[in-house]
>>> print(open('my_file_23.csv').read())   # CSV, C-alpha atoms and all ligand atoms
chain,number,residue,atom,x,y,z
A,1,MET,CA,39.3,-8.5,27.5
A,2,GLY,CA,37.6,-6.6,24.7
A,3,LYS,CA,39.3,-4.0,22.7
A,4,TYR,CA,37.3,-1.2,24.3
A,5,ARG,CA,36.7,-0.6,28.0
A,6,GLU,CA,33.3,-1.5,29.4
A,7,LYS,CA,30.8,1.3,29.3
A,8,GLU,CA,27.1,1.9,29.6
A,9,CYS,CA,25.0,2.3,26.4
A,10,LYS,CA,24.1,5.9,26.1
A,11,PHE,CA,20.5,5.0,25.2
A,12,CYS,CA,19.5,1.9,27.2
A,13,LYS,CA,22.3,1.8,29.9
A,14,VAL,CA,23.3,-1.8,29.1
A,15,THR,CA,27.0,-2.4,29.7
A,16,HIS,CA,28.9,-3.2,26.5
A,17,ARG,CA,32.4,-3.1,25.0
A,18,LYS,CA,31.6,-1.8,21.6
A,19,LYS,CA,33.4,1.0,19.8
A,20,GLY,CA,30.7,3.7,20.0
A,21,PRO,CA,28.6,4.9,22.9
A,22,TYR,CA,25.7,2.6,22.1
A,23,CYS,CA,25.3,-1.2,22.6
A,24,SER,CA,23.7,-1.6,19.2
A,25,GLN,CA,22.8,0.2,16.0
A,26,SER,CA,19.1,0.4,16.9
A,27,CYS,CA,20.0,2.2,20.2
A,28,ALA,CA,22.2,4.6,18.1
A,29,ASN,CA,19.3,5.3,15.8
A,30,ARG,CA,16.8,5.7,18.6
A,31,ASP,CA,19.0,8.2,20.5
A,32,ARG,CA,18.6,10.8,17.7
A,33,PRO,CA,15.2,12.3,18.4
A,34,GLU,CA,15.6,15.3,16.1
A,35,TYR,CA,16.9,13.1,13.3
A,36,SER,CA,14.0,10.6,13.5
A,37,ALA,CA,11.5,13.4,14.0
A,38,ASN,CA,12.7,15.1,10.8
A,39,VAL,CA,12.5,11.9,8.9
A,40,ALA,CA,9.0,11.2,10.2
A,41,ASN,CA,7.9,14.7,9.2
A,42,ALA,CA,9.4,14.4,5.8
A,43,MET,CA,7.7,11.0,5.2
A,44,ARG,CA,4.4,12.4,6.5
A,45,LYS,CA,4.7,15.4,4.1
A,46,VAL,CA,5.3,13.1,1.1
A,47,ALA,CA,2.4,10.8,2.1
A,48,ILE,CA,0.0,13.8,2.5
A,49,GLU,CA,1.0,15.2,-0.8
A,50,TYR,CA,0.6,11.8,-2.5
A,51,ASN,CA,-2.8,11.4,-0.9
A,52,ARG,CA,-4.0,14.6,-2.6
A,53,THR,CA,-3.4,13.3,-6.1
A,54,PRO,CA,-6.4,12.0,-8.0
A,55,GLU,CA,-4.6,8.7,-8.5
A,56,ALA,CA,-4.3,8.2,-4.7
A,57,ILE,CA,-7.9,9.3,-4.0
A,58,ALA,CA,-9.2,6.9,-6.7
A,59,GLN,CA,-7.0,4.1,-5.3
A,60,GLN,CA,-8.4,4.7,-1.8
A,61,LYS,CA,-11.9,4.5,-3.0
A,62,LEU,CA,-11.3,1.3,-5.0
A,63,LEU,CA,-9.4,-0.6,-2.4
A,64,PRO,CA,-12.0,-1.1,0.3
A,65,LEU,CA,-14.4,-2.4,-2.4
A,66,ASN,CA,-11.7,-4.6,-3.8
A,67,ILE,CA,-12.5,-3.8,-7.4
A,68,ASN,CA,-10.4,-2.7,-10.3
A,69,SER,CA,-11.1,-1.1,-13.7
A,70,ASP,CA,-11.5,-4.5,-15.4
A,71,ASP,CA,-14.7,-5.0,-13.3
A,72,PHE,CA,-16.3,-2.0,-15.2
A,73,ALA,CA,-15.8,-3.7,-18.6
A,74,ILE,CA,-18.9,-5.5,-19.8
A,75,ALA,CA,-19.1,-7.8,-22.7
A,76,ILE,CA,-20.9,-6.3,-25.7
A,77,PRO,CA,-23.1,-9.0,-27.5
A,78,ASP,CA,-22.3,-9.5,-31.1
A,79,ILE,CA,-25.8,-9.3,-32.6
A,80,LYS,CA,-26.2,-8.8,-36.3
A,81,THR,CA,-29.3,-10.7,-37.2
A,82,ILE,CA,-32.5,-11.7,-35.3
A,83,ASP,CA,-31.0,-15.3,-35.0
A,84,ASP,CA,-28.2,-13.9,-32.9
A,85,PHE,CA,-30.8,-13.1,-30.2
A,86,ALA,CA,-31.4,-16.8,-29.7
A,87,ASP,CA,-28.6,-17.0,-27.2
A,88,TYR,CA,-30.3,-14.3,-25.1
A,89,THR,CA,-33.9,-15.4,-25.5
A,90,ASP,CA,-33.7,-19.0,-24.2
A,91,GLY,CA,-37.1,-20.2,-23.1
A,92,PHE,CA,-38.9,-17.4,-25.0
A,93,ASP,CA,-40.5,-17.6,-28.4
A,94,LYS,CA,-39.6,-15.1,-31.0
A,95,ALA,CA,-42.3,-12.7,-32.3
A,96,GLU,CA,-42.4,-14.4,-35.7
A,97,LYS,CA,-43.7,-17.7,-34.1
A,98,TRP,CA,-46.6,-16.1,-32.3
B,1,ZN,ZN,21.5,0.1,24.1
>>> encode(input="my_file_23.csv", output="structure tokens")
Amino acid sequence: MGKYREKECKFCKVTHRKKGPYCSQSCANRDRPEYSANVANAMRKVAIEYNRTPEAIAQQKLLPLNINSDDFAIAIPDIKTIDDFADYTDGFDKAEKW
């Protein structure tokens, strides 16, 4: 025999011999509608407030495109003399050779 008399779970009606009125912790949590409603509301409020920040809005716009700020960085060619253009003019003659 268990320590406690057999009883029905207050939430799901399963018979059990546990200390409290519930068969499990999850039933105990689910049988508190005002508590979970308050928590859900509080979480929603925080999420809504966060979604209004520029950071969150930028994040939401970037995520579907799967890009980050590094993608906006472009290499700047290090060109000091006309010969430095050689790398960028493959297959073309320079004006001096015309
Ligand atoms: Zn239960």
>>> closest_residue(input="my_file_23.csv", among="A:Lys80, A:Lys45, A:Lys13, A:Arg5", to="ligand ZN 1 (chain B)", atoms="all atoms listed in the file")
A:Lys13
>>> atom_distance(input="my_file_23.csv", atom1="atom CA of Ala40 of chain A", atom2="atom CA of Lys18 of chain A")
28.5 Å
>>> closest_residue(input="my_file_23.csv", among="A:Phe11, A:Glu6, A:Asp78, A:Ile48", to="ligand ZN 1 (chain B)", atoms="all atoms listed in the file")
A:Phe11
>>> closest_atom_pairs(input="my_file_23.csv", of="chain A", to="ligand ZN 1 (chain B)", cutoff="12 Å", atoms="only C-alpha atoms and all ligand atoms", output="CSV")
residue,atom,partner,partner_atom,distance
A:Lys7,CA,B:ZN1,ZN,10.7
A:Glu8,CA,B:ZN1,ZN,8.1
A:Cys9,CA,B:ZN1,ZN,4.7
A:Lys10,CA,B:ZN1,ZN,6.7
A:Phe11,CA,B:ZN1,ZN,5.1
A:Cys12,CA,B:ZN1,ZN,4.1
A:Lys13,CA,B:ZN1,ZN,6.1
A:Val14,CA,B:ZN1,ZN,5.6
A:Thr15,CA,B:ZN1,ZN,8.2
A:His16,CA,B:ZN1,ZN,8.5
A:Arg17,CA,B:ZN1,ZN,11.4
A:Lys18,CA,B:ZN1,ZN,10.6
A:Gly20,CA,B:ZN1,ZN,10.7
A:Pro21,CA,B:ZN1,ZN,8.7
A:Tyr22,CA,B:ZN1,ZN,5.3
A:Cys23,CA,B:ZN1,ZN,4.3
A:Ser24,CA,B:ZN1,ZN,5.6
A:Gln25,CA,B:ZN1,ZN,8.2
A:Ser26,CA,B:ZN1,ZN,7.6
A:Cys27,CA,B:ZN1,ZN,4.7
A:Ala28,CA,B:ZN1,ZN,7.5
A:Asn29,CA,B:ZN1,ZN,10.0
A:Arg30,CA,B:ZN1,ZN,9.1
A:Asp31,CA,B:ZN1,ZN,9.2
>>> atom_distance(input="my_file_23.csv", atom1="atom CA of Ile74 of chain A", atom2="atom CA of Ile57 of chain A")
24.3 Å
>>> decode(input="my_file_23.csv", residues="segment 5-52 of chain A", atoms="N, CA and C atoms", output="CSV table (one decimal), in the first residue's frame")
chain,number,residue,atom,x,y,z
A,5,ARG,N,-3.7,7.5,0.4
A,5,ARG,CA,-4.9,6.8,-0.1
A,5,ARG,C,-5.1,7.1,-1.6
A,6,GLU,N,-5.7,6.1,-2.3
A,6,GLU,CA,-5.9,6.3,-3.7
A,6,GLU,C,-6.9,7.4,-3.9
A,7,LYS,N,-6.6,8.2,-4.9
A,7,LYS,CA,-7.6,9.3,-5.3
A,7,LYS,C,-7.5,9.6,-6.8
A,8,GLU,N,-8.5,10.4,-7.2
A,8,GLU,CA,-8.5,10.8,-8.6
A,8,GLU,C,-7.7,12.0,-8.8
A,9,CYS,N,-6.9,12.1,-9.9
A,9,CYS,CA,-6.2,13.3,-10.2
A,9,CYS,C,-7.2,14.4,-10.4
A,10,LYS,N,-7.0,15.6,-9.8
A,10,LYS,CA,-7.9,16.7,-9.9
A,10,LYS,C,-8.1,17.2,-11.4
A,11,PHE,N,-7.0,16.9,-12.2
A,11,PHE,CA,-7.1,17.4,-13.5
A,11,PHE,C,-7.5,16.4,-14.6
A,12,CYS,N,-6.9,15.2,-14.6
A,12,CYS,CA,-7.2,14.2,-15.6
A,12,CYS,C,-7.9,13.0,-15.1
A,13,LYS,N,-8.2,13.0,-13.8
A,13,LYS,CA,-9.1,11.9,-13.3
A,13,LYS,C,-8.4,10.5,-13.2
A,14,VAL,N,-7.1,10.5,-13.5
A,14,VAL,CA,-6.4,9.2,-13.3
A,14,VAL,C,-6.2,8.9,-11.8
A,15,THR,N,-6.4,7.7,-11.4
A,15,THR,CA,-6.3,7.3,-10.0
A,15,THR,C,-4.8,7.2,-9.7
A,16,HIS,N,-4.4,7.8,-8.5
A,16,HIS,CA,-2.9,7.8,-8.1
A,16,HIS,C,-2.9,7.8,-6.6
A,17,ARG,N,-1.6,7.6,-6.1
A,17,ARG,CA,-1.4,7.6,-4.7
A,17,ARG,C,-0.3,8.6,-4.3
A,18,LYS,N,-0.3,9.7,-5.0
A,18,LYS,CA,0.7,10.7,-4.7
A,18,LYS,C,0.2,11.7,-3.7
A,19,LYS,N,1.1,12.5,-3.2
A,19,LYS,CA,0.8,13.4,-2.1
A,19,LYS,C,-0.2,14.5,-2.4
A,20,GLY,N,-0.1,15.1,-3.5
A,20,GLY,CA,-1.0,16.2,-3.9
A,20,GLY,C,-2.2,15.7,-4.6
A,21,PRO,N,-3.1,16.6,-5.0
A,21,PRO,CA,-4.3,16.2,-5.7
A,21,PRO,C,-4.1,15.8,-7.2
A,22,TYR,N,-2.9,16.0,-7.6
A,22,TYR,CA,-2.6,15.7,-9.1
A,22,TYR,C,-1.7,14.4,-9.2
A,23,CYS,N,-1.9,13.7,-10.4
A,23,CYS,CA,-1.1,12.6,-10.7
A,23,CYS,C,0.3,12.9,-11.1
A,24,SER,N,0.5,14.1,-11.6
A,24,SER,CA,1.8,14.5,-12.0
A,24,SER,C,2.0,16.0,-12.0
A,25,GLN,N,3.2,16.5,-12.1
A,25,GLN,CA,3.5,17.9,-12.1
A,25,GLN,C,2.9,18.6,-13.2
A,26,SER,N,2.8,18.0,-14.4
A,26,SER,CA,2.2,18.6,-15.6
A,26,SER,C,0.8,18.8,-15.4
A,27,CYS,N,0.0,17.9,-14.7
A,27,CYS,CA,-1.4,18.1,-14.4
A,27,CYS,C,-1.5,19.3,-13.5
A,28,ALA,N,-0.7,19.4,-12.5
A,28,ALA,CA,-0.7,20.5,-11.5
A,28,ALA,C,-0.6,21.8,-12.2
A,29,ASN,N,0.4,21.9,-13.2
A,29,ASN,CA,0.6,23.1,-13.9
A,29,ASN,C,-0.6,23.5,-14.8
A,30,ARG,N,-1.2,22.4,-15.4
A,30,ARG,CA,-2.2,22.7,-16.4
A,30,ARG,C,-3.6,23.0,-15.7
A,31,ASP,N,-3.7,22.7,-14.4
A,31,ASP,CA,-4.9,23.0,-13.7
A,31,ASP,C,-4.9,24.3,-13.0
A,32,ARG,N,-4.1,25.2,-13.6
A,32,ARG,CA,-4.0,26.6,-13.0
A,32,ARG,C,-4.2,27.6,-14.2
A,33,PRO,N,-5.4,27.7,-14.7
A,33,PRO,CA,-5.7,28.5,-15.9
A,33,PRO,C,-5.3,30.0,-15.7
A,34,GLU,N,-5.6,30.5,-14.5
A,34,GLU,CA,-5.3,32.0,-14.4
A,34,GLU,C,-3.8,32.2,-14.4
A,35,TYR,N,-3.1,31.2,-13.7
A,35,TYR,CA,-1.7,31.4,-13.6
A,35,TYR,C,-1.1,31.3,-15.0
A,36,SER,N,-1.4,30.3,-15.8
A,36,SER,CA,-0.8,30.1,-17.1
A,36,SER,C,-1.3,31.2,-18.0
A,37,ALA,N,-2.5,31.7,-17.9
A,37,ALA,CA,-3.0,32.8,-18.7
A,37,ALA,C,-2.2,34.1,-18.4
A,38,ASN,N,-1.9,34.3,-17.1
A,38,ASN,CA,-1.1,35.5,-16.8
A,38,ASN,C,0.3,35.4,-17.3
A,39,VAL,N,0.9,34.2,-17.2
A,39,VAL,CA,2.3,34.0,-17.7
A,39,VAL,C,2.3,34.2,-19.2
A,40,ALA,N,1.3,33.6,-19.9
A,40,ALA,CA,1.2,33.8,-21.4
A,40,ALA,C,1.0,35.2,-21.8
A,41,ASN,N,0.2,36.0,-21.0
A,41,ASN,CA,0.0,37.4,-21.3
A,41,ASN,C,1.3,38.2,-21.1
A,42,ALA,N,2.0,37.9,-20.0
A,42,ALA,CA,3.2,38.6,-19.7
A,42,ALA,C,4.3,38.3,-20.8
A,43,MET,N,4.3,37.1,-21.2
A,43,MET,CA,5.3,36.7,-22.3
A,43,MET,C,5.0,37.4,-23.6
A,44,ARG,N,3.7,37.5,-23.9
A,44,ARG,CA,3.2,38.1,-25.1
A,44,ARG,C,3.6,39.6,-25.1
A,45,LYS,N,3.4,40.2,-24.0
A,45,LYS,CA,3.7,41.7,-23.8
A,45,LYS,C,5.2,41.9,-24.0
A,46,VAL,N,6.0,41.1,-23.4
A,46,VAL,CA,7.4,41.3,-23.6
A,46,VAL,C,7.8,41.1,-25.1
A,47,ALA,N,7.2,40.1,-25.7
A,47,ALA,CA,7.5,39.8,-27.2
A,47,ALA,C,7.1,41.0,-28.0
A,48,ILE,N,5.9,41.5,-27.8
A,48,ILE,CA,5.4,42.6,-28.5
A,48,ILE,C,6.3,43.9,-28.4
A,49,GLU,N,6.7,44.1,-27.1
A,49,GLU,CA,7.5,45.3,-26.9
A,49,GLU,C,8.9,45.1,-27.6
A,50,TYR,N,9.4,43.9,-27.5
A,50,TYR,CA,10.7,43.6,-28.2
A,50,TYR,C,10.6,43.8,-29.7
A,51,ASN,N,9.5,43.3,-30.2
A,51,ASN,CA,9.3,43.4,-31.7
A,51,ASN,C,9.2,44.8,-32.2
A,52,ARG,N,8.9,45.8,-31.3
A,52,ARG,CA,8.8,47.2,-31.7
A,52,ARG,C,10.2,47.9,-31.8
